[in-house]
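Enquirer: First the structure, which I've put down as structure tokens, then a few questions once you've had a look.
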Amino acid sequence: MAIIEWLLLLFLIVCAISVSITKSLLNSVIIFMSYSLVMAVIWVLLRSPDLAITEAAVGAGVTSVLFFLALRKVGQLEHKKDEEEKE
């Protein structure tokens, strides 16, 4: 069990560093979602299911949806129909 915990903690560190290094905003949001989901798993391993549910709902759910909406507003996330209309 300790090996899984160490791997999850290592993954969290890698996610934190890669969010600051990546150039694409979409990739940053996806990495943030994976960070939140892994953090929820760690909360479950620490026997704190209330924090795990909150982290999964707010961190990976609501916040990610808001980030995707913000990306769409600034033009970083476009639909294929928009791209076809431009051509």
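Please note that chains go A, B, ... in the order of the structure tokens, that every chain numbers its residues from 1, and that ligands are numbered from 1 in the order shown.
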In chain A, what's alpha helix (DSSP H) per DSSP? Answer as a ChimeraX atom specification?

Expert: /A:2-21,25-45,49-54,63-73,80-86

Enquirer: List the neighbours of region 6-10 of chain A out to 9 Å using only C-alpha atoms; skip same-chain residues closer than 4 positions along the sequence, and give me the result as a ChimeraX atom specification.

Expert: /A:1-2,14-15,38-39,41-42

Enquirer: Applying 12 Å and only C-alpha atoms, which residues near Leu51 (chain A) remain after dropping the ones on its own chain fewer than 3 positions away? List them as a PDB file with N, CA and C atoms, in the first residue's frame.

Expert:
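Contents of result-v4.pdb, as written:
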ATOM      1  N   SER A  36      -6.613  16.920  -9.359  1.00  0.00           N
ATOM      2  CA  SER A  36      -7.726  16.899  -8.407  1.00  0.00           C
ATOM      3  C   SER A  36      -8.253  15.489  -8.175  1.00  0.00           C
ATOM      4  N   LEU A  37      -8.321  14.696  -9.230  1.00  0.00           N
ATOM      5  CA  LEU A  37      -8.799  13.320  -9.070  1.00  0.00           C
ATOM      6  C   LEU A  37      -7.838  12.473  -8.246  1.00  0.00           C
ATOM      7  N   MET A  39      -5.792  13.663  -6.040  1.00  0.00           N
ATOM      8  CA  MET A  39      -5.899  14.167  -4.678  1.00  0.00           C
ATOM      9  C   MET A  39      -7.115  13.586  -3.962  1.00  0.00           C
ATOM     10  N   ALA A  40      -8.210  13.396  -4.691  1.00  0.00           N
ATOM     11  CA  ALA A  40      -9.394  12.760  -4.112  1.00  0.00           C
ATOM     12  C   ALA A  40      -9.092  11.315  -3.703  1.00  0.00           C
ATOM     13  N   VAL A  41      -8.330  10.596  -4.516  1.00  0.00           N
ATOM     14  CA  VAL A  41      -7.948   9.221  -4.176  1.00  0.00           C
ATOM     15  C   VAL A  41      -7.069   9.210  -2.922  1.00  0.00           C
ATOM     16  N   ILE A  42      -6.177  10.176  -2.825  1.00  0.00           N
ATOM     17  CA  ILE A  42      -5.321  10.256  -1.636  1.00  0.00           C
ATOM     18  C   ILE A  42      -6.155  10.533  -0.392  1.00  0.00           C
ATOM     19  N   TRP A  43      -7.157  11.391  -0.500  1.00  0.00           N
ATOM     20  CA  TRP A  43      -8.042  11.644   0.648  1.00  0.00           C
ATOM     21  C   TRP A  43      -8.769  10.364   1.067  1.00  0.00           C
ATOM     22  N   VAL A  44      -9.152   9.539   0.102  1.00  0.00           N
ATOM     23  CA  VAL A  44      -9.798   8.262   0.444  1.00  0.00           C
ATOM     24  C   VAL A  44      -8.811   7.354   1.178  1.00  0.00           C
ATOM     25  N   LEU A  45      -7.567   7.313   0.702  1.00  0.00           N
ATOM     26  CA  LEU A  45      -6.556   6.491   1.367  1.00  0.00           C
ATOM     27  C   LEU A  45      -6.260   6.990   2.778  1.00  0.00           C
ATOM     28  N   LEU A  46      -6.425   8.277   3.000  1.00  0.00           N
ATOM     29  CA  LEU A  46      -6.224   8.847   4.332  1.00  0.00           C
ATOM     30  C   LEU A  46      -7.468   8.725   5.205  1.00  0.00           C
ATOM     31  N   ARG A  47      -8.461   8.005   4.701  1.00  0.00           N
ATOM     32  CA  ARG A  47      -9.718   7.746   5.406  1.00  0.00           C
ATOM     33  C   ARG A  47     -10.485   9.026   5.728  1.00  0.00           C
ATOM     34  N   SER A  48     -10.571   9.868   4.716  1.00  0.00           N
ATOM     35  CA  SER A  48     -11.342  11.096   4.855  1.00  0.00           C
ATOM     36  C   SER A  48     -12.276  11.230   3.648  1.00  0.00           C
ATOM     37  N   THR A  54     -15.656  16.122  -1.715  1.00  0.00           N
ATOM     38  CA  THR A  54     -15.575  17.559  -1.995  1.00  0.00           C
ATOM     39  C   THR A  54     -14.517  17.857  -3.043  1.00  0.00           C
ATOM     40  N   GLU A  55     -13.360  17.228  -2.925  1.00  0.00           N
ATOM     41  CA  GLU A  55     -12.285  17.446  -3.904  1.00  0.00           C
ATOM     42  C   GLU A  55     -12.693  16.981  -5.296  1.00  0.00           C
ATOM     43  N   ALA A  56     -13.349  15.849  -5.364  1.00  0.00           N
ATOM     44  CA  ALA A  56     -13.775  15.339  -6.665  1.00  0.00           C
ATOM     45  C   ALA A  56     -14.852  16.228  -7.272  1.00  0.00           C
ATOM     46  N   ALA A  57     -15.788  16.677  -6.456  1.00  0.00           N
ATOM     47  CA  ALA A  57     -16.892  17.486  -6.979  1.00  0.00           C
ATOM     48  C   ALA A  57     -16.439  18.892  -7.348  1.00  0.00           C
ATOM     49  N   VAL A  58     -15.708  19.530  -6.460  1.00  0.00           N
ATOM     50  CA  VAL A  58     -15.314  20.917  -6.698  1.00  0.00           C
ATOM     51  C   VAL A  58     -14.053  21.001  -7.546  1.00  0.00           C
ATOM     52  N   GLY A  59     -13.022  20.263  -7.163  1.00  0.00           N
ATOM     53  CA  GLY A  59     -11.743  20.360  -7.865  1.00  0.00           C
ATOM     54  C   GLY A  59     -11.784  19.852  -9.287  1.00  0.00           C
TER      55      GLY A  59
END

Enquirer: Return the single residue from A:Val74, A:Pro49, A:Ser34, A:Ser24 that is closest to Gly61 (chain A), with distances computed using only C-alpha atoms.

Expert: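 Closest to Gly61 (chain A), using only C-alpha atoms: A:Ser34.
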
Enquirer: Just the number, please: distance in Å from CA of Ile31 (chain A) to CA of Phe11 (chain A), one decimal.

Expert: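 Straight-line distance from CA of Ile31 (chain A) to CA of Phe11 (chain A) works out to 10.6 Å.
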
Enquirer: Excluding Leu25 (chain A) and its own-chain neighbours fewer than 6 positions away, which residues fall within 12 Å of it when counting only C-alpha atoms? Please give them as a PyMOL selection string.

Expert: chain A and resi 18-19+31-32+64+67-68+70-72+74-77

Enquirer: Enter the distance from CA of Leu26 (chain A) to CA of Leu69 (chain A), in Å, rounded to one decimal.

Expert: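 Separation between CA of Leu26 (chain A) and CA of Leu69 (chain A): 11.1 Å.
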
Enquirer: In Å, with one decimal, what is the gap from CA of Tyr35 (chain A) to CA of Ile4 (chain A)?

Expert: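 Computing the Euclidean distance for CA of Tyr35 (chain A) and CA of Ile4 (chain A) yields 15.4 Å.
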